[in-house]
Structures are given as structure tokens and as C-alpha cells.
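Shown here: entry_26.csv, CSV, C-alpha atoms.
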chain,number,residue,atom,x,y,z
O,1,ASP,CA,20.0,20.1,13.2
O,2,PRO,CA,18.7,23.7,12.6
O,3,VAL,CA,19.2,23.4,8.8
O,4,ARG,CA,17.1,20.3,8.5
O,5,SER,CA,14.5,21.7,10.8
O,6,ARG,CA,14.1,24.8,8.7
O,7,ARG,CA,13.9,22.7,5.6
O,8,ALA,CA,11.2,20.4,7.1
O,9,LEU,CA,9.0,23.4,8.0
O,10,GLN,CA,9.2,25.1,4.6
O,11,ASP,CA,7.5,24.3,1.2
O,12,ALA,CA,9.4,21.8,-0.9
O,13,SER,CA,9.8,22.0,-4.6
O,14,SER,CA,7.0,20.4,-6.7
O,15,GLU,CA,9.4,17.6,-7.6
O,16,GLY,CA,9.9,16.8,-3.9
O,17,PRO,CA,12.7,17.6,-1.4
O,18,LEU,CA,16.1,17.3,-3.1
O,19,PRO,CA,17.7,15.2,-0.3
O,20,LEU,CA,14.8,12.7,-0.5
O,21,ARG,CA,15.1,12.4,-4.3
O,22,GLU,CA,18.9,11.9,-3.9
O,23,TRP,CA,18.2,9.1,-1.4
O,24,ILE,CA,15.7,7.5,-3.9
O,25,VAL,CA,18.4,7.7,-6.6
O,26,GLY,CA,20.7,5.7,-4.4
O,27,HIS,CA,17.9,3.2,-3.5
O,28,MET,CA,17.0,2.7,-7.1
O,29,ALA,CA,20.6,2.0,-8.0
O,30,THR,CA,20.6,-0.9,-5.6
O,31,ILE,CA,17.8,-2.5,-7.5
O,32,GLY,CA,19.4,-2.1,-10.9
O,33,VAL,CA,17.8,1.2,-11.9
O,34,PRO,CA,20.4,3.9,-12.6
O,35,CYS,CA,18.7,7.3,-12.7
O,36,THR,CA,19.0,10.9,-11.6
O,37,THR,CA,16.9,13.2,-9.5
O,38,ASP,CA,15.3,14.6,-12.7
O,39,ASN,CA,13.7,11.1,-13.2
O,40,ILE,CA,11.9,11.3,-9.8
O,41,LEU,CA,8.7,12.9,-8.6
O,42,VAL,CA,7.7,12.6,-5.0
O,43,THR,CA,4.0,12.1,-4.4
O,44,SER,CA,1.5,11.9,-1.6
O,45,GLY,CA,1.6,8.1,-1.6
O,46,SER,CA,1.8,6.0,-4.7
O,47,GLN,CA,-2.0,6.3,-5.1
O,48,GLN,CA,-1.5,10.0,-6.1
O,49,GLY,CA,1.1,8.9,-8.6
O,50,LEU,CA,-1.4,6.5,-10.2
O,51,ASP,CA,-3.9,9.3,-10.4
O,52,PHE,CA,-1.5,11.6,-12.1
O,53,ILE,CA,-0.4,9.0,-14.6
O,54,GLY,CA,-3.9,8.3,-15.5
O,55,ARG,CA,-4.6,12.0,-16.0
O,56,LEU,CA,-1.5,12.3,-18.2
O,57,PHE,CA,-2.1,9.4,-20.5
O,58,LEU,CA,-5.8,8.6,-20.6
O,59,SER,CA,-8.8,10.2,-22.3
O,60,PRO,CA,-12.3,8.8,-22.3
O,61,GLY,CA,-12.5,5.7,-24.4
O,62,ASP,CA,-8.8,5.0,-24.4
O,63,ARG,CA,-7.8,1.4,-24.0
O,64,MET,CA,-5.5,0.3,-21.1
O,65,MET,CA,-4.5,-3.2,-19.9
O,66,VAL,CA,-5.0,-4.5,-16.4
O,67,GLU,CA,-4.9,-7.8,-14.6
O,68,ARG,CA,-8.2,-9.4,-13.5
O,69,PRO,CA,-8.5,-9.1,-10.6
O,70,SER,CA,-6.5,-5.9,-10.1
O,71,PHE,CA,-5.8,-3.4,-7.3
O,72,ILE,CA,-9.2,-1.7,-6.7
O,73,GLY,CA,-7.5,1.6,-5.7
O,74,ALA,CA,-5.7,1.8,-9.0
O,75,LEU,CA,-8.9,1.2,-10.9
O,76,ARG,CA,-10.7,3.9,-9.0
O,77,ALA,CA,-7.9,6.3,-9.9
O,78,PHE,CA,-8.1,5.4,-13.6
O,79,ASP,CA,-11.9,5.3,-13.6
O,80,THR,CA,-12.1,9.1,-13.5
O,81,CYS,CA,-10.5,9.1,-17.0
O,82,GLU,CA,-13.1,6.7,-18.4
O,83,PRO,CA,-10.8,4.2,-20.1
O,84,VAL,CA,-11.8,0.9,-21.6
O,85,TYR,CA,-10.1,-1.9,-19.6
O,86,VAL,CA,-8.6,-4.8,-21.5
O,87,PRO,CA,-7.5,-7.9,-19.5
O,88,LEU,CA,-3.8,-8.7,-19.1
O,89,PRO,CA,-2.4,-11.0,-20.1
O,90,SER,CA,-4.2,-11.2,-23.4
O,91,GLY,CA,-3.7,-11.9,-27.0
O,92,ASP,CA,-1.9,-9.5,-29.4
O,93,GLY,CA,-5.2,-8.3,-30.7
O,94,ASP,CA,-6.3,-7.0,-27.3
O,95,ALA,CA,-3.0,-5.1,-26.9
O,96,ARG,CA,-3.4,-3.0,-30.0
O,97,GLY,CA,-4.0,0.6,-29.3
O,98,ALA,CA,-3.5,0.3,-25.6
O,99,LYS,CA,-2.1,3.5,-23.9
O,100,PHE,CA,-0.4,1.5,-21.1
O,101,ALA,CA,-0.6,-1.6,-19.0
O,102,TYR,CA,-0.9,-1.4,-15.2
O,103,ILE,CA,0.6,-4.2,-13.2
O,104,GLY,CA,2.2,-5.0,-9.8
O,105,SER,CA,5.2,-7.2,-10.2
O,106,ASP,CA,5.6,-8.5,-6.6
O,107,PHE,CA,3.0,-9.8,-4.1
O,108,ARG,CA,0.4,-7.8,-6.0
O,109,ASN,CA,-2.9,-6.8,-4.6
O,110,PRO,CA,-5.3,-8.7,-4.3
O,111,THR,CA,-3.8,-12.1,-5.3
O,112,GLY,CA,-0.5,-11.8,-3.5
O,113,THR,CA,1.3,-13.4,-6.4
O,114,CYS,CA,4.5,-12.4,-8.3
O,115,LEU,CA,5.4,-12.2,-11.9
O,116,THR,CA,8.1,-14.7,-12.9
O,117,LEU,CA,11.2,-13.5,-14.7
O,118,ASP,CA,9.9,-15.0,-18.0
O,119,GLU,CA,6.5,-13.3,-17.5
O,120,ARG,CA,8.2,-9.9,-17.0
O,121,ARG,CA,10.3,-10.4,-20.1
O,122,ALA,CA,7.2,-11.4,-22.1
O,123,LEU,CA,5.3,-8.3,-21.0
O,124,LEU,CA,8.2,-6.1,-22.0
O,125,ASP,CA,8.2,-7.8,-25.4
O,126,LEU,CA,4.5,-7.3,-25.8
O,127,ALA,CA,4.9,-3.6,-25.0
O,128,ASP,CA,7.6,-3.3,-27.5
O,129,SER,CA,5.5,-5.0,-30.2
O,130,HIS,CA,2.5,-2.8,-29.7
O,131,ASP,CA,4.2,0.4,-28.5
O,132,PHE,CA,2.4,0.9,-25.2
O,133,ALA,CA,3.8,2.0,-21.8
O,134,ILE,CA,3.9,-0.1,-18.6
O,135,VAL,CA,3.0,1.3,-15.3
O,136,GLU,CA,4.7,-0.8,-12.7
O,137,ASP,CA,3.4,-0.7,-9.1
O,138,GLY,CA,6.4,-1.6,-6.9
O,139,CYS,CA,4.9,-0.9,-3.5
O,140,TYR,CA,5.2,-4.5,-2.2
O,141,GLU,CA,8.6,-5.4,-3.7
O,142,LYS,CA,10.5,-5.2,-0.3
O,143,LEU,CA,8.1,-7.6,1.4
O,144,ARG,CA,9.9,-10.7,0.3
O,145,PHE,CA,11.0,-12.9,3.2
O,146,ASP,CA,12.4,-15.9,1.4
O,147,GLY,CA,13.5,-16.8,-2.1
O,148,ALA,CA,15.5,-14.8,-4.6
O,149,ASP,CA,14.6,-11.3,-5.6
O,150,VAL,CA,13.4,-10.9,-9.2
O,151,PRO,CA,14.4,-7.8,-11.1
O,152,SER,CA,11.6,-5.2,-11.5
O,153,LEU,CA,10.2,-4.5,-14.9
O,154,LEU,CA,12.0,-1.1,-14.8
O,155,ALA,CA,15.4,-2.8,-14.0
O,156,LEU,CA,14.9,-5.2,-16.9
O,157,GLU,CA,14.0,-2.4,-19.2
O,158,CYS,CA,17.1,-0.4,-18.1
O,159,ALA,CA,19.3,-3.4,-18.8
O,160,ARG,CA,17.8,-3.7,-22.3
O,161,ARG,CA,17.8,0.0,-23.2
O,162,GLY,CA,20.6,1.5,-21.1
O,163,GLY,CA,18.6,3.7,-18.8
O,164,VAL,CA,15.2,5.0,-17.6
O,165,ASP,CA,15.0,7.7,-20.3
O,166,ALA,CA,15.2,5.2,-23.2
O,167,GLY,CA,12.5,2.9,-21.8
O,168,ARG,CA,8.7,2.7,-21.6
O,169,VAL,CA,8.3,1.7,-18.0
O,170,ILE,CA,6.9,4.1,-15.4
O,171,TYR,CA,7.5,3.0,-11.9
O,172,THR,CA,5.7,3.9,-8.7
O,173,ASN,CA,6.5,3.1,-5.1
O,174,THR,CA,5.7,4.2,-1.5
O,175,PHE,CA,7.1,4.2,2.0
O,176,SER,CA,3.7,3.3,3.5
O,177,LYS,CA,4.2,-0.4,3.0
O,178,THR,CA,7.7,-0.7,4.4
O,179,ILE,CA,7.8,2.0,7.2
O,180,VAL,CA,4.3,2.8,8.4
O,181,PRO,CA,0.9,3.1,6.6
O,182,SER,CA,0.3,6.6,7.7
O,183,LEU,CA,3.5,7.9,6.0
O,184,ARG,CA,1.8,9.0,2.8
O,185,VAL,CA,4.9,9.6,0.8
O,186,GLY,CA,5.6,7.8,-2.5
O,187,TRP,CA,7.5,8.4,-5.7
O,188,ILE,CA,7.4,8.0,-9.5
O,189,VAL,CA,10.5,7.1,-11.6
O,190,ALA,CA,10.0,7.8,-15.3
O,191,PRO,CA,11.7,9.4,-18.3
O,192,VAL,CA,12.4,13.1,-17.8
O,193,PRO,CA,9.8,14.3,-20.3
O,194,VAL,CA,7.1,12.3,-18.5
O,195,ILE,CA,8.2,13.6,-15.1
O,196,ARG,CA,8.1,17.2,-16.4
O,197,LYS,CA,4.5,16.8,-17.5
O,198,LEU,CA,3.6,15.0,-14.2
O,199,VAL,CA,5.1,17.9,-12.3
O,200,LEU,CA,2.6,20.3,-14.0
O,201,ILE,CA,-0.3,18.1,-12.9
O,202,LYS,CA,1.1,18.0,-9.3
O,203,GLN,CA,1.4,21.8,-9.2
O,204,ALA,CA,-2.3,22.0,-10.2
O,205,SER,CA,-3.2,19.4,-7.6
O,206,ASP,CA,-1.4,20.2,-4.4
O,207,LEU,CA,1.7,22.2,-5.3
O,208,ALA,CA,4.1,19.9,-3.4
O,209,THR,CA,4.2,16.9,-1.1
O,210,GLY,CA,4.5,18.0,2.5
O,211,ALA,CA,8.2,18.4,3.4
O,212,LEU,CA,7.6,17.5,7.1
O,213,SER,CA,6.3,14.1,6.0

Structure encoded using C-alpha cells:
Amino acid sequence: DPVRSRRALQDASSEGPLPLREWIVGHMATIGVPCTTDNILVTSGSQQGLDFIGRLFLSPGDRMMVERPSFIGALRAFDTCEPVYVPLPSGDGDARGAKFAYIGSDFRNPTGTCLTLDERRALLDLADSHDFAIVEDGCYEKLRFDGADVPSLLALECARRGGVDAGRVIYTNTFSKTIVPSLRVGWIVAPVPVIRKLVLIKQASDLATGALS
């Protein structure tokens, strides 16, 4: 296909190739997340997405919540912003003033465990009570081989609030876990104002994710 060939060999927009973002919109709809291409930023793997999110939200000394143990790659991305880590789950006092909580919902690294439906709802309630965002790492959600799927935090938030733009969950995912590790292409789903700011960070970082990938 000459049209697709030319597209693959040219620079993509900073937001990511439109056909890929349209595909992601359709994929997200299948897991209970209605959104538009304006809610999506394509990244060089989900690790880049975590790096951008940290740079957007964190300043030195800011509090953020993480599980213990947590994914070491995410911590290294956030470390550059010099936050103060607070354990998750924790009491209401620990949640006060947190910028966001980082968590993997399914088969999370390094424990391999999943949040139950009740735990997901409780985390959303905690975020509502203390007005912090949730960064959901969805990279392993398609690796379930038995048992029933549990809605992502983003899907539950959309059901509560009517859509991505009204919620507080920022979602990351990648093709490297479901297709092949060397395919360093991921994406972020977030409210449009958040995506617009992340696009500016991406433009300063690498301009755009490689269209050929």
C-alpha cells in the first residue's frame, strides 16, 4: 500500500499517528473506556509515559503514593523529580497532599498480584476524598489466562463520572507486553488538558514516536 508506506516513512504528529490513535480509541471502548483521539498520546513505550507524567505533576518534595514493593522502572522515572514516596495503601493521613498514586491494577510488577474490584473502588474513593490523581499502569492487563476480567480503574472512573475528561485517572499501556518486547510503542489516556501539556513535554523530548514502529 503506497499510502501506508509513505506514512510509515514520514514524521508522525507529536500526539502519534492518527490511524494508531483511532485504533486505540476502539480498543479502549472494548474495555469500558469511551474516549476520543484527543485523549490519547502515543509514547515510546509506557516507560516514557511514566517519565512524562512525573515531569508534569511532580516537583522536589511533593508527596506521591506507591505500593511497596513497586515497579522499579516507574520509581526510577519518578526519582528524577525528587518526590517523597508514601506507601499505598495507607491511612487517610498519609494520603493528604499527595499529587498522585501510581499503581498497576493487574499482574503488577514485581508481585504478580491483581487489585480486587473492591480494592479498586476503595482507591477511587480515597482519591476523591483527598483530591489526588491516579496513574494506572495497565501494561499487563491482557495477560489473564483464566478467571473473569476486572474493570480497570479508568473504566470504573468513566462509569462513575461519564467519561475520561471528568475523571482523575491517567492510564498508561504498551504493546511490548502483548506483541513483542522490542516494540517500544505505548500510549497514555487522560483528560484532554493533561494530554495537551504532555504533548509539550514530548515535543521537547523526542518530537514524536517513530511512525515506522

For range 13-15 of chain O, find every residue with an atom within 12 Å (counting all atoms listed in the file), except residues of its own chain fewer than 6 positions away, and show them as a ChimeraX atom specification. /O:7,21-22,37-44,186-189,192,195-211

Prev. selection, C-alpha atoms, output as an mmCIF file, in the coordinates of the input:
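Here's the written file result-v5.cif:
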data_model
loop_
_atom_site.group_PDB
_atom_site.id
_atom_site.type_symbol
_atom_site.label_atom_id
_atom_site.label_comp_id
_atom_site.auth_asym_id
_atom_site.auth_seq_id
_atom_site.Cartn_x
_atom_site.Cartn_y
_atom_site.Cartn_z
ATOM 1 C CA ARG O 7 13.900 22.700 5.600
ATOM 2 C CA ARG O 21 15.100 12.400 -4.300
ATOM 3 C CA GLU O 22 18.900 11.900 -3.900
ATOM 4 C CA THR O 37 16.900 13.200 -9.500
ATOM 5 C CA ASP O 38 15.300 14.600 -12.700
ATOM 6 C CA ASN O 39 13.700 11.100 -13.200
ATOM 7 C CA ILE O 40 11.900 11.300 -9.800
ATOM 8 C CA LEU O 41 8.700 12.900 -8.600
ATOM 9 C CA VAL O 42 7.700 12.600 -5.000
ATOM 10 C CA THR O 43 4.000 12.100 -4.400
ATOM 11 C CA SER O 44 1.500 11.900 -1.600
ATOM 12 C CA GLY O 186 5.600 7.800 -2.500
ATOM 13 C CA TRP O 187 7.500 8.400 -5.700
ATOM 14 C CA ILE O 188 7.400 8.000 -9.500
ATOM 15 C CA VAL O 189 10.500 7.100 -11.600
ATOM 16 C CA VAL O 192 12.400 13.100 -17.800
ATOM 17 C CA ILE O 195 8.200 13.600 -15.100
ATOM 18 C CA ARG O 196 8.100 17.200 -16.400
ATOM 19 C CA LYS O 197 4.500 16.800 -17.500
ATOM 20 C CA LEU O 198 3.600 15.000 -14.200
ATOM 21 C CA VAL O 199 5.100 17.900 -12.300
ATOM 22 C CA LEU O 200 2.600 20.300 -14.000
ATOM 23 C CA ILE O 201 -0.300 18.100 -12.900
ATOM 24 C CA LYS O 202 1.100 18.000 -9.300
ATOM 25 C CA GLN O 203 1.400 21.800 -9.200
ATOM 26 C CA ALA O 204 -2.300 22.000 -10.200
ATOM 27 C CA SER O 205 -3.200 19.400 -7.600
ATOM 28 C CA ASP O 206 -1.400 20.200 -4.400
ATOM 29 C CA LEU O 207 1.700 22.200 -5.300
ATOM 30 C CA ALA O 208 4.100 19.900 -3.400
ATOM 31 C CA THR O 209 4.200 16.900 -1.100
ATOM 32 C CA GLY O 210 4.500 18.000 2.500
ATOM 33 C CA ALA O 211 8.200 18.400 3.400
#

Using all atoms listed in the file, find each residue in range 66-85 of chain O having at least one atom no more than 7 Å away from range 103-117 of chain O; report its shortest atom-to-atom pair and that distance in Å (one decimal), rows by chain then rising number, as a tab-separated table.
residue	atom	partner	partner_atom	distance
O:Val66	CA	O:Ile103	CA	6.5
O:Glu67	CA	O:Ile103	CA	6.7
O:Ser70	CA	O:Pro110	CA	6.6
O:Phe71	CA	O:Asn109	CA	5.2

Using all atoms listed in the file, collect all residues at a distance of at most 12 Å from (14.8, 1.7, -21.2) as written in the file, then present them as a ChimeraX atom specification. /O:32-35,124,127-128,133-134,153-171,189-191

CA of Asp137 in chain O to CA of Ser46 in chain O: how many Å, to one decimal?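 Separation of CA of Asp137 in chain O and CA of Ser46 in chain O: 8.2 Å.
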
Could you check how far CA of Phe52 in chain O sits from CA of Tyr102 in chain O, in Å to one decimal?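 Interatomic distance here is 13.4 Å.
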
Of the listed residues O:Gly45, O:Pro60, O:Gly54, O:Gly147, that which approaches Ala101 in chain O most closely, counting all atoms listed in the file: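 Once distances to Ala101 in chain O are computed over all atoms listed in the file, the minimum belongs to O:Gly54.
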
Distance of CA of Thr178 in chain O from CA of Glu136 in chain O, expressed in Å to one decimal place: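 CA of Thr178 in chain O lies at a distance of 17.4 Å from CA of Glu136 in chain O.
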
Which is closer to Leu56 in chain O than all the others in O:Val84, O:Gly73, O:Leu143, O:Phe100, using all atoms listed in the file?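 Checking each candidate against Leu56 in chain O, we get O:Phe100 as the closest.
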
Please determine, counting all atoms listed in the file, which residue among O:Gln47, O:Ser152, O:Ser5, O:Ser129 has the shortest atom-to-atom distance to Ile31 in chain O.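 Of O:Gln47, O:Ser152, O:Ser5, O:Ser129, the one nearest Ile31 in chain O, counting all atoms listed in the file, is O:Ser152.
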
Can you tell me which residues surround Asp94 in chain O at a distance of at most 12 Å, considering all atoms listed in the file, apart from same-chain residues fewer than 2 positions away, and format the answer as a count of residues only? 22

For Pro17 in chain O, which of O:Ser59, O:Val194, O:Asn173, O:Val185 is the closest residue, counting only C-alpha atoms?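 Looking at the shortest contact to Pro17 in chain O, the residue is O:Val185.
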
Taking N, CA and C atoms as the atom set, what does range 95-130 of chain O look like once completed, written as a PDB file, in the coordinates of the input?
ATOM      1  N   ALA O  95      -4.000  -6.101 -27.255  1.00  0.00           N
ATOM      2  CA  ALA O  95      -3.000  -5.100 -26.900  1.00  0.00           C
ATOM      3  C   ALA O  95      -2.915  -3.948 -27.866  1.00  0.00           C
ATOM      4  N   ARG O  96      -3.495  -4.098 -29.035  1.00  0.00           N
ATOM      5  CA  ARG O  96      -3.400  -3.000 -30.000  1.00  0.00           C
ATOM      6  C   ARG O  96      -4.090  -1.768 -29.569  1.00  0.00           C
ATOM      7  N   GLY O  97      -3.376  -0.661 -29.660  1.00  0.00           N
ATOM      8  CA  GLY O  97      -4.000   0.600 -29.300  1.00  0.00           C
ATOM      9  C   GLY O  97      -4.014   0.948 -27.847  1.00  0.00           C
ATOM     10  N   ALA O  98      -3.485   0.059 -26.995  1.00  0.00           N
ATOM     11  CA  ALA O  98      -3.500   0.300 -25.600  1.00  0.00           C
ATOM     12  C   ALA O  98      -2.535   1.475 -25.235  1.00  0.00           C
ATOM     13  N   LYS O  99      -2.954   2.375 -24.340  1.00  0.00           N
ATOM     14  CA  LYS O  99      -2.100   3.500 -23.900  1.00  0.00           C
ATOM     15  C   LYS O  99      -1.012   2.934 -22.950  1.00  0.00           C
ATOM     16  N   PHE O 100      -1.420   2.118 -21.993  1.00  0.00           N
ATOM     17  CA  PHE O 100      -0.400   1.500 -21.100  1.00  0.00           C
ATOM     18  C   PHE O 100      -1.067   0.285 -20.423  1.00  0.00           C
ATOM     19  N   ALA O 101      -0.200  -0.524 -19.827  1.00  0.00           N
ATOM     20  CA  ALA O 101      -0.600  -1.600 -19.000  1.00  0.00           C
ATOM     21  C   ALA O 101      -0.245  -1.321 -17.550  1.00  0.00           C
ATOM     22  N   TYR O 102      -1.174  -1.557 -16.630  1.00  0.00           N
ATOM     23  CA  TYR O 102      -0.900  -1.400 -15.200  1.00  0.00           C
ATOM     24  C   TYR O 102      -0.731  -2.748 -14.580  1.00  0.00           C
ATOM     25  N   ILE O 103       0.371  -2.930 -13.811  1.00  0.00           N
ATOM     26  CA  ILE O 103       0.600  -4.200 -13.200  1.00  0.00           C
ATOM     27  C   ILE O 103       1.503  -4.060 -11.955  1.00  0.00           C
ATOM     28  N   GLY O 104       1.252  -4.879 -10.955  1.00  0.00           N
ATOM     29  CA  GLY O 104       2.200  -5.000  -9.800  1.00  0.00           C
ATOM     30  C   GLY O 104       3.029  -6.239 -10.050  1.00  0.00           C
ATOM     31  N   SER O 105       4.326  -6.090  -9.904  1.00  0.00           N
ATOM     32  CA  SER O 105       5.200  -7.200 -10.200  1.00  0.00           C
ATOM     33  C   SER O 105       5.363  -8.187  -9.051  1.00  0.00           C
ATOM     34  N   ASP O 106       5.326  -7.679  -7.805  1.00  0.00           N
ATOM     35  CA  ASP O 106       5.600  -8.500  -6.600  1.00  0.00           C
ATOM     36  C   ASP O 106       4.496  -8.444  -5.622  1.00  0.00           C
ATOM     37  N   PHE O 107       3.991  -9.635  -5.217  1.00  0.00           N
ATOM     38  CA  PHE O 107       3.000  -9.800  -4.100  1.00  0.00           C
ATOM     39  C   PHE O 107       1.814  -8.822  -4.372  1.00  0.00           C
ATOM     40  N   ARG O 108       1.345  -8.834  -5.589  1.00  0.00           N
ATOM     41  CA  ARG O 108       0.400  -7.800  -6.000  1.00  0.00           C
ATOM     42  C   ARG O 108      -0.983  -8.017  -5.331  1.00  0.00           C
ATOM     43  N   ASN O 109      -1.644  -6.903  -5.185  1.00  0.00           N
ATOM     44  CA  ASN O 109      -2.900  -6.800  -4.600  1.00  0.00           C
ATOM     45  C   ASN O 109      -4.026  -7.039  -5.636  1.00  0.00           C
ATOM     46  N   PRO O 110      -4.967  -7.978  -5.496  1.00  0.00           N
ATOM     47  CA  PRO O 110      -5.300  -8.700  -4.300  1.00  0.00           C
ATOM     48  C   PRO O 110      -4.821 -10.158  -4.232  1.00  0.00           C
ATOM     49  N   THR O 111      -4.091 -10.639  -5.241  1.00  0.00           N
ATOM     50  CA  THR O 111      -3.800 -12.100  -5.300  1.00  0.00           C
ATOM     51  C   THR O 111      -2.578 -12.468  -4.476  1.00  0.00           C
ATOM     52  N   GLY O 112      -1.664 -11.529  -4.203  1.00  0.00           N
ATOM     53  CA  GLY O 112      -0.500 -11.800  -3.500  1.00  0.00           C
ATOM     54  C   GLY O 112       0.601 -12.565  -4.277  1.00  0.00           C
ATOM     55  N   THR O 113       0.391 -12.703  -5.578  1.00  0.00           N
ATOM     56  CA  THR O 113       1.300 -13.400  -6.400  1.00  0.00           C
ATOM     57  C   THR O 113       2.343 -12.517  -7.073  1.00  0.00           C
ATOM     58  N   CYS O 114       3.386 -13.130  -7.641  1.00  0.00           N
ATOM     59  CA  CYS O 114       4.500 -12.400  -8.300  1.00  0.00           C
ATOM     60  C   CYS O 114       4.599 -12.810  -9.741  1.00  0.00           C
ATOM     61  N   LEU O 115       5.017 -11.884 -10.577  1.00  0.00           N
ATOM     62  CA  LEU O 115       5.400 -12.200 -11.900  1.00  0.00           C
ATOM     63  C   LEU O 115       6.705 -12.982 -11.943  1.00  0.00           C
ATOM     64  N   THR O 116       6.792 -14.046 -12.723  1.00  0.00           N
ATOM     65  CA  THR O 116       8.100 -14.700 -12.900  1.00  0.00           C
ATOM     66  C   THR O 116       8.967 -13.872 -13.801  1.00  0.00           C
ATOM     67  N   LEU O 117      10.243 -14.224 -13.836  1.00  0.00           N
ATOM     68  CA  LEU O 117      11.200 -13.500 -14.700  1.00  0.00           C
ATOM     69  C   LEU O 117      10.740 -13.628 -16.162  1.00  0.00           C
ATOM     70  N   ASP O 118      10.302 -14.824 -16.572  1.00  0.00           N
ATOM     71  CA  ASP O 118       9.900 -15.000 -18.000  1.00  0.00           C
ATOM     72  C   ASP O 118       8.616 -14.178 -18.260  1.00  0.00           C
ATOM     73  N   GLU O 119       7.692 -14.082 -17.299  1.00  0.00           N
ATOM     74  CA  GLU O 119       6.500 -13.300 -17.500  1.00  0.00           C
ATOM     75  C   GLU O 119       6.840 -11.795 -17.640  1.00  0.00           C
ATOM     76  N   ARG O 120       7.807 -11.348 -16.879  1.00  0.00           N
ATOM     77  CA  ARG O 120       8.200  -9.900 -17.000  1.00  0.00           C
ATOM     78  C   ARG O 120       8.825  -9.647 -18.344  1.00  0.00           C
ATOM     79  N   ARG O 121       9.679 -10.549 -18.794  1.00  0.00           N
ATOM     80  CA  ARG O 121      10.300 -10.400 -20.100  1.00  0.00           C
ATOM     81  C   ARG O 121       9.253 -10.401 -21.219  1.00  0.00           C
ATOM     82  N   ALA O 122       8.283 -11.303 -21.084  1.00  0.00           N
ATOM     83  CA  ALA O 122       7.200 -11.400 -22.100  1.00  0.00           C
ATOM     84  C   ALA O 122       6.381 -10.138 -22.152  1.00  0.00           C
ATOM     85  N   LEU O 123       6.107  -9.531 -20.994  1.00  0.00           N
ATOM     86  CA  LEU O 123       5.300  -8.300 -21.000  1.00  0.00           C
ATOM     87  C   LEU O 123       6.099  -7.157 -21.633  1.00  0.00           C
ATOM     88  N   LEU O 124       7.398  -7.078 -21.365  1.00  0.00           N
ATOM     89  CA  LEU O 124       8.200  -6.100 -22.000  1.00  0.00           C
ATOM     90  C   LEU O 124       8.216  -6.266 -23.544  1.00  0.00           C
ATOM     91  N   ASP O 125       8.285  -7.529 -23.973  1.00  0.00           N
ATOM     92  CA  ASP O 125       8.200  -7.800 -25.400  1.00  0.00           C
ATOM     93  C   ASP O 125       6.912  -7.396 -26.017  1.00  0.00           C
ATOM     94  N   LEU O 126       5.808  -7.665 -25.297  1.00  0.00           N
ATOM     95  CA  LEU O 126       4.500  -7.300 -25.800  1.00  0.00           C
ATOM     96  C   LEU O 126       4.369  -5.772 -25.916  1.00  0.00           C
ATOM     97  N   ALA O 127       4.888  -5.060 -24.927  1.00  0.00           N
ATOM     98  CA  ALA O 127       4.900  -3.600 -25.000  1.00  0.00           C
ATOM     99  C   ALA O 127       5.674  -3.067 -26.137  1.00  0.00           C
ATOM    100  N   ASP O 128       6.807  -3.687 -26.401  1.00  0.00           N
ATOM    101  CA  ASP O 128       7.600  -3.300 -27.500  1.00  0.00           C
ATOM    102  C   ASP O 128       6.862  -3.514 -28.852  1.00  0.00           C
ATOM    103  N   SER O 129       6.200  -4.663 -28.948  1.00  0.00           N
ATOM    104  CA  SER O 129       5.500  -5.000 -30.200  1.00  0.00           C
ATOM    105  C   SER O 129       4.374  -4.076 -30.504  1.00  0.00           C
ATOM    106  N   HIS O 130       3.696  -3.589 -29.456  1.00  0.00           N
ATOM    107  CA  HIS O 130       2.500  -2.800 -29.700  1.00  0.00           C
ATOM    108  C   HIS O 130       2.624  -1.354 -29.178  1.00  0.00           C
TER     109      HIS O 130
END
